[in-house]
file model13.pdb (PDB, C-alpha atoms and all ligand atoms)
MODEL        1
ATOM      1  CA  MET A 109     -16.496   3.811   6.733  1.00  0.00           C
ATOM      2  CA  ILE A 110     -15.200   0.250   6.344  1.00  0.00           C
ATOM      3  CA  ALA A 111     -15.686  -2.204   9.254  1.00  0.00           C
ATOM      4  CA  ALA A 112     -12.516  -3.804  10.678  1.00  0.00           C
ATOM      5  CA  GLY A 113     -13.476  -7.271   9.381  1.00  0.00           C
ATOM      6  CA  ASP A 114     -13.977  -5.930   5.845  1.00  0.00           C
ATOM      7  CA  ALA A 115     -10.579  -4.219   5.913  1.00  0.00           C
ATOM      8  CA  GLU A 116      -8.990  -7.477   7.081  1.00  0.00           C
ATOM      9  CA  SER A 117     -10.516  -9.533   4.289  1.00  0.00           C
ATOM     10  CA  ARG A 118      -9.578  -6.810   1.796  1.00  0.00           C
ATOM     11  CA  THR A 119      -5.976  -6.995   2.997  1.00  0.00           C
ATOM     12  CA  GLU A 120      -5.936 -10.769   2.507  1.00  0.00           C
ATOM     13  CA  ARG A 121      -7.514 -10.497  -0.957  1.00  0.00           C
ATOM     14  CA  LEU A 122      -4.962  -7.894  -2.034  1.00  0.00           C
ATOM     15  CA  LYS A 123      -2.011  -9.717  -0.476  1.00  0.00           C
ATOM     16  CA  ALA A 124      -2.861 -12.760  -2.573  1.00  0.00           C
ATOM     17  CA  LEU A 125      -2.293 -10.578  -5.662  1.00  0.00           C
ATOM     18  CA  VAL A 126       1.167  -9.266  -4.674  1.00  0.00           C
ATOM     19  CA  ARG A 127       3.990 -11.517  -5.795  1.00  0.00           C
ATOM     20  CA  ASP A 128       7.380 -11.773  -4.068  1.00  0.00           C
ATOM     21  CA  ILE A 129      10.316 -11.721  -6.491  1.00  0.00           C
ATOM     22  CA  PRO A 130      13.483 -12.594  -4.547  1.00  0.00           C
ATOM     23  CA  ASP A 131      16.791 -10.926  -5.448  1.00  0.00           C
ATOM     24  CA  PHE A 132      15.288  -8.255  -7.719  1.00  0.00           C
ATOM     25  CA  PRO A 133      16.660  -5.773  -8.718  1.00  0.00           C
ATOM     26  CA  LYS A 134      19.685  -7.005  -6.773  1.00  0.00           C
ATOM     27  CA  PRO A 135      20.567  -9.810  -4.342  1.00  0.00           C
ATOM     28  CA  GLY A 136      18.919  -9.562  -0.931  1.00  0.00           C
ATOM     29  CA  ILE A 137      15.922  -7.449  -2.044  1.00  0.00           C
ATOM     30  CA  VAL A 138      12.521  -9.135  -2.081  1.00  0.00           C
ATOM     31  CA  PHE A 139      10.640  -7.130  -4.676  1.00  0.00           C
ATOM     32  CA  LYS A 140       6.885  -6.732  -4.178  1.00  0.00           C
ATOM     33  CA  ASP A 141       5.469  -7.202  -7.672  1.00  0.00           C
ATOM     34  CA  ILE A 142       2.053  -5.553  -7.973  1.00  0.00           C
ATOM     35  CA  THR A 143       1.394  -6.507 -11.602  1.00  0.00           C
ATOM     36  CA  PRO A 144      -0.938  -9.433 -10.696  1.00  0.00           C
ATOM     37  CA  LEU A 145      -3.071  -6.964  -8.684  1.00  0.00           C
ATOM     38  CA  LEU A 146      -3.176  -4.531 -11.619  1.00  0.00           C
ATOM     39  CA  GLU A 147      -4.343  -7.337 -13.894  1.00  0.00           C
ATOM     40  CA  SER A 148      -7.417  -7.813 -11.704  1.00  0.00           C
ATOM     41  CA  PRO A 149      -9.982  -5.111 -12.531  1.00  0.00           C
ATOM     42  CA  GLU A 150     -11.867  -5.912  -9.306  1.00  0.00           C
ATOM     43  CA  ALA A 151      -8.769  -5.493  -7.136  1.00  0.00           C
ATOM     44  CA  PHE A 152      -7.560  -2.340  -8.918  1.00  0.00           C
ATOM     45  CA  ASN A 153     -11.043  -0.879  -8.594  1.00  0.00           C
ATOM     46  CA  GLU A 154     -11.089  -1.677  -4.871  1.00  0.00           C
ATOM     47  CA  VAL A 155      -7.661  -0.164  -4.209  1.00  0.00           C
ATOM     48  CA  VAL A 156      -8.348   3.299  -5.675  1.00  0.00           C
ATOM     49  CA  PRO A 157     -11.094   4.474  -3.255  1.00  0.00           C
ATOM     50  CA  ALA A 158      -9.425   2.590  -0.389  1.00  0.00           C
ATOM     51  CA  LEU A 159      -6.235   4.662  -0.782  1.00  0.00           C
ATOM     52  CA  TRP A 160      -8.290   7.854  -0.536  1.00  0.00           C
ATOM     53  CA  GLU A 161     -10.659   6.687   2.214  1.00  0.00           C
ATOM     54  CA  PRO A 162      -9.110   8.513   5.243  1.00  0.00           C
ATOM     55  CA  TRP A 163      -9.356  11.839   3.361  1.00  0.00           C
ATOM     56  CA  GLU A 164     -12.719  11.343   1.679  1.00  0.00           C
ATOM     57  CA  LYS A 165     -14.453  13.970   3.825  1.00  0.00           C
ATOM     58  CA  GLU A 166     -11.684  16.538   3.279  1.00  0.00           C
ATOM     59  CA  ALA A 167     -10.925  18.893   0.417  1.00  0.00           C
ATOM     60  CA  LEU A 168      -7.864  17.905  -1.606  1.00  0.00           C
ATOM     61  CA  ASP A 169      -6.452  20.090  -4.377  1.00  0.00           C
ATOM     62  CA  LYS A 170      -3.743  17.783  -5.744  1.00  0.00           C
ATOM     63  CA  VAL A 171      -2.821  14.107  -5.745  1.00  0.00           C
ATOM     64  CA  ILE A 172       0.902  13.567  -6.231  1.00  0.00           C
ATOM     65  CA  GLY A 173       2.302  10.427  -7.877  1.00  0.00           C
ATOM     66  CA  VAL A 174       5.980   9.454  -7.747  1.00  0.00           C
ATOM     67  CA  GLU A 175       7.484   7.982 -10.944  1.00  0.00           C
ATOM     68  CA  ALA A 176       6.888   5.353 -11.998  1.00  0.00           C
ATOM     69  CA  ARG A 177       4.670   2.937 -10.120  1.00  0.00           C
ATOM     70  CA  GLY A 178       3.209   5.761  -8.026  1.00  0.00           C
ATOM     71  CA  PHE A 179       1.620   7.138 -11.227  1.00  0.00           C
ATOM     72  CA  ILE A 180      -0.412   3.953 -11.635  1.00  0.00           C
ATOM     73  CA  PHE A 181      -2.287   4.578  -8.387  1.00  0.00           C
ATOM     74  CA  ALA A 182      -2.133   8.358  -7.974  1.00  0.00           C
ATOM     75  CA  ALA A 183      -3.745   9.202 -11.327  1.00  0.00           C
ATOM     76  CA  PRO A 184      -6.953   7.182 -10.731  1.00  0.00           C
ATOM     77  CA  VAL A 185      -7.090   8.420  -7.111  1.00  0.00           C
ATOM     78  CA  ALA A 186      -6.932  12.017  -8.428  1.00  0.00           C
ATOM     79  CA  LEU A 187      -9.820  11.356 -10.817  1.00  0.00           C
ATOM     80  CA  HIS A 188     -11.770   9.574  -8.099  1.00  0.00           C
ATOM     81  CA  CYS A 189     -11.507  12.428  -5.604  1.00  0.00           C
ATOM     82  CA  GLY A 190     -11.790  15.293  -8.094  1.00  0.00           C
ATOM     83  CA  ALA A 191      -8.301  16.673  -7.518  1.00  0.00           C
ATOM     84  CA  GLY A 192      -5.570  17.525 -10.009  1.00  0.00           C
ATOM     85  CA  PHE A 193      -2.816  15.010 -10.696  1.00  0.00           C
ATOM     86  CA  VAL A 194       0.815  16.104 -10.252  1.00  0.00           C
ATOM     87  CA  PRO A 195       3.749  13.907 -11.309  1.00  0.00           C
ATOM     88  CA  ILE A 196       7.029  13.809  -9.402  1.00  0.00           C
ATOM     89  CA  ARG A 197       9.620  12.540 -11.843  1.00  0.00           C
ATOM     90  CA  LYS A 198      13.180  11.366 -12.160  1.00  0.00           C
ATOM     91  CA  PRO A 199      15.727  14.053 -13.155  1.00  0.00           C
ATOM     92  CA  GLY A 200      15.521  15.652 -16.579  1.00  0.00           C
ATOM     93  CA  ARG A 201      12.055  14.358 -17.483  1.00  0.00           C
ATOM     94  CA  LEU A 202       9.882  17.371 -16.608  1.00  0.00           C
ATOM     95  CA  PRO A 203      10.024  20.084 -19.299  1.00  0.00           C
ATOM     96  CA  ALA A 204       9.331  23.285 -17.314  1.00  0.00           C
ATOM     97  CA  GLU A 205      11.157  24.774 -14.303  1.00  0.00           C
ATOM     98  CA  VAL A 206      11.609  22.293 -11.457  1.00  0.00           C
ATOM     99  CA  GLU A 207      12.488  21.947  -7.796  1.00  0.00           C
ATOM    100  CA  ALA A 208      14.629  18.897  -6.951  1.00  0.00           C
ATOM    101  CA  GLU A 209      15.298  16.800  -3.849  1.00  0.00           C
ATOM    102  CA  GLU A 210      17.795  14.028  -3.236  1.00  0.00           C
ATOM    103  CA  TYR A 211      16.625  10.870  -1.470  1.00  0.00           C
ATOM    104  CA  GLU A 212      17.860   7.436  -0.459  1.00  0.00           C
ATOM    105  CA  LEU A 213      16.334   4.270  -1.840  1.00  0.00           C
ATOM    106  CA  GLU A 214      16.409   0.811  -0.309  1.00  0.00           C
ATOM    107  CA  TYR A 215      18.851   0.227  -3.175  1.00  0.00           C
ATOM    108  CA  GLY A 216      20.888   3.402  -3.939  1.00  0.00           C
ATOM    109  CA  THR A 217      20.289   7.177  -3.997  1.00  0.00           C
ATOM    110  CA  ASP A 218      18.453   9.295  -6.521  1.00  0.00           C
ATOM    111  CA  LEU A 219      16.898  12.665  -7.262  1.00  0.00           C
ATOM    112  CA  ILE A 220      13.263  13.554  -7.823  1.00  0.00           C
ATOM    113  CA  GLU A 221      11.772  16.657  -9.386  1.00  0.00           C
ATOM    114  CA  ILE A 222       8.461  18.519  -9.460  1.00  0.00           C
ATOM    115  CA  HIS A 223       7.313  21.409 -11.633  1.00  0.00           C
ATOM    116  CA  ARG A 224       7.668  24.647  -9.679  1.00  0.00           C
ATOM    117  CA  ASP A 225       4.174  25.792 -10.587  1.00  0.00           C
ATOM    118  CA  ALA A 226       2.471  22.435  -9.930  1.00  0.00           C
ATOM    119  CA  ILE A 227       1.218  23.321  -6.445  1.00  0.00           C
ATOM    120  CA  GLY A 228      -0.062  26.710  -5.341  1.00  0.00           C
ATOM    121  CA  ALA A 229       0.512  28.229  -1.894  1.00  0.00           C
ATOM    122  CA  GLY A 230      -1.822  26.631   0.653  1.00  0.00           C
ATOM    123  CA  GLU A 231      -3.004  23.836  -1.640  1.00  0.00           C
ATOM    124  CA  ARG A 232      -3.641  20.491   0.093  1.00  0.00           C
ATOM    125  CA  ALA A 233      -1.916  17.516  -1.483  1.00  0.00           C
ATOM    126  CA  LEU A 234      -2.193  13.774  -0.976  1.00  0.00           C
ATOM    127  CA  ILE A 235       0.947  11.835  -1.946  1.00  0.00           C
ATOM    128  CA  VAL A 236       0.331   8.308  -3.292  1.00  0.00           C
ATOM    129  CA  ASP A 237       2.924   5.599  -3.888  1.00  0.00           C
ATOM    130  CA  ASP A 238       2.965   1.841  -4.301  1.00  0.00           C
ATOM    131  CA  VAL A 239       5.453   0.806  -1.592  1.00  0.00           C
ATOM    132  CA  LEU A 240       6.669   2.389   1.658  1.00  0.00           C
ATOM    133  CA  ALA A 241      10.120   0.894   2.226  1.00  0.00           C
ATOM    134  CA  THR A 242      12.651   3.133   4.047  1.00  0.00           C
ATOM    135  CA  GLY A 243      10.437   6.206   3.586  1.00  0.00           C
ATOM    136  CA  GLY A 244      13.153   8.209   1.813  1.00  0.00           C
ATOM    137  CA  THR A 245      11.165   8.741  -1.392  1.00  0.00           C
ATOM    138  CA  ALA A 246       7.988   9.806   0.388  1.00  0.00           C
ATOM    139  CA  ALA A 247       9.911  12.161   2.694  1.00  0.00           C
ATOM    140  CA  ALA A 248      11.573  13.815  -0.324  1.00  0.00           C
ATOM    141  CA  ALA A 249       8.207  14.094  -2.106  1.00  0.00           C
ATOM    142  CA  ALA A 250       6.704  15.722   0.996  1.00  0.00           C
ATOM    143  CA  ARG A 251       9.604  18.198   1.174  1.00  0.00           C
ATOM    144  CA  LEU A 252       8.991  19.148  -2.472  1.00  0.00           C
ATOM    145  CA  VAL A 253       5.290  19.809  -1.812  1.00  0.00           C
ATOM    146  CA  GLU A 254       6.151  21.939   1.213  1.00  0.00           C
ATOM    147  CA  ARG A 255       8.864  23.846  -0.623  1.00  0.00           C
ATOM    148  CA  LEU A 256       6.228  24.947  -3.134  1.00  0.00           C
ATOM    149  CA  GLY A 257       4.043  26.218  -0.285  1.00  0.00           C
ATOM    150  CA  GLY A 258       1.642  23.271  -0.321  1.00  0.00           C
ATOM    151  CA  GLU A 259       0.312  21.338   2.663  1.00  0.00           C
ATOM    152  CA  VAL A 260       0.808  17.573   2.792  1.00  0.00           C
ATOM    153  CA  ALA A 261      -2.650  16.274   3.751  1.00  0.00           C
ATOM    154  CA  GLY A 262      -1.191  12.785   4.007  1.00  0.00           C
ATOM    155  CA  ILE A 263       0.628   9.953   2.286  1.00  0.00           C
ATOM    156  CA  ALA A 264      -1.094   6.768   1.100  1.00  0.00           C
ATOM    157  CA  PHE A 265       0.624   3.522   0.123  1.00  0.00           C
ATOM    158  CA  LEU A 266      -0.645   0.268  -1.272  1.00  0.00           C
ATOM    159  CA  ILE A 267       2.091  -1.659   0.582  1.00  0.00           C
ATOM    160  CA  GLU A 268       4.033  -0.907   3.765  1.00  0.00           C
ATOM    161  CA  LEU A 269       7.198  -2.880   4.532  1.00  0.00           C
ATOM    162  CA  SER A 270       6.991  -2.121   8.242  1.00  0.00           C
ATOM    163  CA  PHE A 271      10.191  -4.040   9.055  1.00  0.00           C
ATOM    164  CA  LEU A 272      12.088  -1.196   7.303  1.00  0.00           C
ATOM    165  CA  ALA A 273      10.564   1.365   9.711  1.00  0.00           C
ATOM    166  CA  GLY A 274       9.757   3.916   6.977  1.00  0.00           C
ATOM    167  CA  ARG A 275       7.056   5.378   9.247  1.00  0.00           C
ATOM    168  CA  SER A 276       9.697   6.679  11.632  1.00  0.00           C
ATOM    169  CA  ARG A 277      10.992   9.032   8.886  1.00  0.00           C
ATOM    170  CA  LEU A 278       7.486  10.300   8.204  1.00  0.00           C
ATOM    171  CA  ASP A 279       6.150  10.900  11.688  1.00  0.00           C
ATOM    172  CA  ASN A 280       4.994  14.452  10.878  1.00  0.00           C
ATOM    173  CA  TYR A 281       2.507  13.109   8.352  1.00  0.00           C
ATOM    174  CA  ARG A 282      -0.772  11.194   8.306  1.00  0.00           C
ATOM    175  CA  LEU A 283       0.046   7.827   6.772  1.00  0.00           C
ATOM    176  CA  HIS A 284      -2.255   5.153   5.377  1.00  0.00           C
ATOM    177  CA  SER A 285      -1.338   1.773   3.930  1.00  0.00           C
ATOM    178  CA  LEU A 286      -3.593  -1.008   2.680  1.00  0.00           C
ATOM    179  CA  ILE A 287      -1.248  -3.989   3.051  1.00  0.00           C
ATOM    180  CA  GLU A 288       1.454  -4.389   5.682  1.00  0.00           C
ATOM    181  CA  TYR A 289       4.365  -6.832   5.780  1.00  0.00           C
ATOM    182  CA  SER A 290       5.975  -6.980   9.225  1.00  0.00           C
TER     183      SER A 290
HETATM  184  P1  LIG B 301      11.770   4.011  -0.045  1.00  0.00           P
HETATM  185  O1  LIG B 301      12.223   5.355  -0.469  1.00  0.00           O
HETATM  186  O2  LIG B 301      12.881   3.187   0.543  1.00  0.00           O
HETATM  187  O3  LIG B 301      10.553   4.054   0.861  1.00  0.00           O
HETATM  188  O4  LIG B 301      11.406   3.230  -1.361  1.00  0.00           O
HETATM  189  C1  LIG B 301      10.204   3.416  -1.909  1.00  0.00           C
HETATM  190  C2  LIG B 301      10.215   3.249  -3.403  1.00  0.00           C
HETATM  191  O5  LIG B 301      11.066   2.191  -3.851  1.00  0.00           O
HETATM  192  C3  LIG B 301       8.831   2.934  -3.801  1.00  0.00           C
HETATM  193  O6  LIG B 301       8.456   3.935  -4.701  1.00  0.00           O
HETATM  194  C4  LIG B 301       8.883   1.570  -4.432  1.00  0.00           C
HETATM  195  O7  LIG B 301       8.421   1.691  -5.740  1.00  0.00           O
HETATM  196  C5  LIG B 301      10.329   1.132  -4.425  1.00  0.00           C
HETATM  197  N1  LIG B 301      10.624  -0.060  -3.601  1.00  0.00           N
HETATM  198  C6  LIG B 301      11.452  -0.103  -2.533  1.00  0.00           C
HETATM  199  N2  LIG B 301      11.542  -1.338  -2.032  1.00  0.00           N
HETATM  200  C7  LIG B 301      10.724  -2.099  -2.763  1.00  0.00           C
HETATM  201  C8  LIG B 301      10.381  -3.490  -2.728  1.00  0.00           C
HETATM  202  N3  LIG B 301      10.892  -4.331  -1.821  1.00  0.00           N
HETATM  203  N4  LIG B 301       9.500  -3.941  -3.640  1.00  0.00           N
HETATM  204  C9  LIG B 301       8.969  -3.082  -4.554  1.00  0.00           C
HETATM  205  N5  LIG B 301       9.273  -1.799  -4.650  1.00  0.00           N
HETATM  206  C10 LIG B 301      10.140  -1.290  -3.772  1.00  0.00           C
ENDMDL
END
call {"tool": "encode", "arguments": {"input": "model13.pdb", "output": "structure tokens", "more": "lines below"}}
Ligand code: AMP
result
Amino acid sequence: MIAAGDAESRTERLKALVRDIPDFPKPGIVFKDITPLLESPEAFNEVVPALWEPWEKEALDKVIGVEARGFIFAAPVALHCGAGFVPIRKPGRLPAEVEAEEYELEYGTDLIEIHRDAIGAGERALIVDDVLATGGTAAAAARLVERLGGEVAGIAFLIELSFLAGRSRLDNYRLHSLIEYS
């Protein structure tokens, strides 16, 4: 268990490695660029177990990553906790039979897909993504897991943009975020 003071200093350390890019990918969006954090082996190494920490005493069967930046965090979390890694991808990228869900982005709408046989009935899955914005992507990912008969153990984010109230769309789920912008 991490003491409150340690979590606070971790947040500050990580925040210093997230760069704001105004007006990307379109005017009015402040894009949270995580590439400086990824370039720091110490920070990346700190983030992986921290994302998993609330579930570390629980059995997890699968860790789900959402294309593309979600993959960067979900794959090492899966290795770290001894679970399988499952990609959720943009349409037409997964080769076998898929289930699809539509979702709204902060900038547009899109579709995501998962392999139908990626999660077995009753399997417990942790969804991992880089940013919680409006919550549309995570909600669609959770619906995909549930449609396959899986249980969403929780959803972990590196960054939460709490001013967009994404949590309110995900109030059935256990949520965890390491850095919050309010
Ligand atoms: P949402 O569905 O609105 O919660 O959007 C979440 C997804 O969009 C995440 O997977 C992020 O990768 C991306 N995203 C949304 N807003 C931002 C932002 N301001 N900076 C970086 N990524 C973002």
call {"tool": "residues_near_ligand", "arguments": {"input": "model13.pdb", "ligand": "ligand LIG 301 (chain B)", "cutoff": "7 Å", "atoms": "all atoms listed in the file", "output": "tab-separated table (two decimals) with C-alpha atoms, in the coordinates of the input"}}
result
chain	number	residue	atom	x	y	z
A	137	ILE	CA	15.92	-7.45	-2.04
A	138	VAL	CA	12.52	-9.14	-2.08
A	139	PHE	CA	10.64	-7.13	-4.68
A	140	LYS	CA	6.88	-6.73	-4.18
A	141	ASP	CA	5.47	-7.20	-7.67
A	174	VAL	CA	5.98	9.45	-7.75
A	177	ARG	CA	4.67	2.94	-10.12
A	178	GLY	CA	3.21	5.76	-8.03
A	212	GLU	CA	17.86	7.44	-0.46
A	213	LEU	CA	16.33	4.27	-1.84
A	214	GLU	CA	16.41	0.81	-0.31
A	237	ASP	CA	2.92	5.60	-3.89
A	238	ASP	CA	2.96	1.84	-4.30
A	239	VAL	CA	5.45	0.81	-1.59
A	240	LEU	CA	6.67	2.39	1.66
A	241	ALA	CA	10.12	0.89	2.23
A	242	THR	CA	12.65	3.13	4.05
A	243	GLY	CA	10.44	6.21	3.59
A	244	GLY	CA	13.15	8.21	1.81
A	245	THR	CA	11.16	8.74	-1.39
A	246	ALA	CA	7.99	9.81	0.39
A	274	GLY	CA	9.76	3.92	6.98
call {"tool": "atom_distance", "arguments": {"input": "model13.pdb", "atom1": "atom CA of A:Glu207", "atom2": "atom CA of A:Val260"}}
result
16.4 Å
call {"tool": "closest_residue", "arguments": {"input": "model13.pdb", "among": "A:Pro199, A:Gly173, A:Pro162, A:Gly258", "to": "A:Ala229", "atoms": "only C-alpha atoms"}}
result
A:Gly258
call {"tool": "atom_distance", "arguments": {"input": "model13.pdb", "atom1": "atom CA of A:Arg255", "atom2": "atom CA of A:Arg224"}}
result
9.2 Å
call {"tool": "atom_distance", "arguments": {"input": "model13.pdb", "atom1": "atom CA of A:Ile222", "atom2": "atom CA of A:Leu272"}}
result
26.1 Å
call {"tool": "resolve_selection", "arguments": {"input": "model13.pdb", "expression": "the PyMOL selection byres (((chain A and resi 164) around 12) and not hetatm)", "output": "ChimeraX atom specification"}}
result
/A:109,156-163,165-168,185-186,188-191,234,261-262
call {"tool": "axis_aligned_box", "arguments": {"input": "model13.pdb", "around": "stretch 138-152 of chain A", "padding_each_side": "6 Å", "output": "AutoDock Vina command-line options"}}
result
--center_x 0.3 --center_y -5.9 --center_z -8.0 --size_x 36.4 --size_y 19.1 --size_z 23.8
call {"tool": "resolve_selection", "arguments": {"input": "model13.pdb", "expression": "the PyMOL selection byres (((chain A and resi 119) around 12) and not hetatm)", "output": "PyMOL selection string"}}
result
chain A and resi 112-118+120-126+151+154-155+158+266-268+285-289
call {"tool": "write_last_selection", "arguments": {"input": "model13.pdb", "atoms": "C-alpha atoms", "output": "PDB file, in the frame of the given file"}}
result
ATOM      1  CA  ALA A 112     -12.516  -3.804  10.678  1.00  0.00           C
ATOM      2  CA  GLY A 113     -13.476  -7.271   9.381  1.00  0.00           C
ATOM      3  CA  ASP A 114     -13.977  -5.930   5.845  1.00  0.00           C
ATOM      4  CA  ALA A 115     -10.579  -4.219   5.913  1.00  0.00           C
ATOM      5  CA  GLU A 116      -8.990  -7.477   7.081  1.00  0.00           C
ATOM      6  CA  SER A 117     -10.516  -9.533   4.289  1.00  0.00           C
ATOM      7  CA  ARG A 118      -9.578  -6.810   1.796  1.00  0.00           C
ATOM      8  CA  GLU A 120      -5.936 -10.769   2.507  1.00  0.00           C
ATOM      9  CA  ARG A 121      -7.514 -10.497  -0.957  1.00  0.00           C
ATOM     10  CA  LEU A 122      -4.962  -7.894  -2.034  1.00  0.00           C
ATOM     11  CA  LYS A 123      -2.011  -9.717  -0.476  1.00  0.00           C
ATOM     12  CA  ALA A 124      -2.861 -12.760  -2.573  1.00  0.00           C
ATOM     13  CA  LEU A 125      -2.293 -10.578  -5.662  1.00  0.00           C
ATOM     14  CA  VAL A 126       1.167  -9.266  -4.674  1.00  0.00           C
ATOM     15  CA  ALA A 151      -8.769  -5.493  -7.136  1.00  0.00           C
ATOM     16  CA  GLU A 154     -11.089  -1.677  -4.871  1.00  0.00           C
ATOM     17  CA  VAL A 155      -7.661  -0.164  -4.209  1.00  0.00           C
ATOM     18  CA  ALA A 158      -9.425   2.590  -0.389  1.00  0.00           C
ATOM     19  CA  LEU A 266      -0.645   0.268  -1.272  1.00  0.00           C
ATOM     20  CA  ILE A 267       2.091  -1.659   0.582  1.00  0.00           C
ATOM     21  CA  GLU A 268       4.033  -0.907   3.765  1.00  0.00           C
ATOM     22  CA  SER A 285      -1.338   1.773   3.930  1.00  0.00           C
ATOM     23  CA  LEU A 286      -3.593  -1.008   2.680  1.00  0.00           C
ATOM     24  CA  ILE A 287      -1.248  -3.989   3.051  1.00  0.00           C
ATOM     25  CA  GLU A 288       1.454  -4.389   5.682  1.00  0.00           C
ATOM     26  CA  TYR A 289       4.365  -6.832   5.780  1.00  0.00           C
TER      27      TYR A 289
END
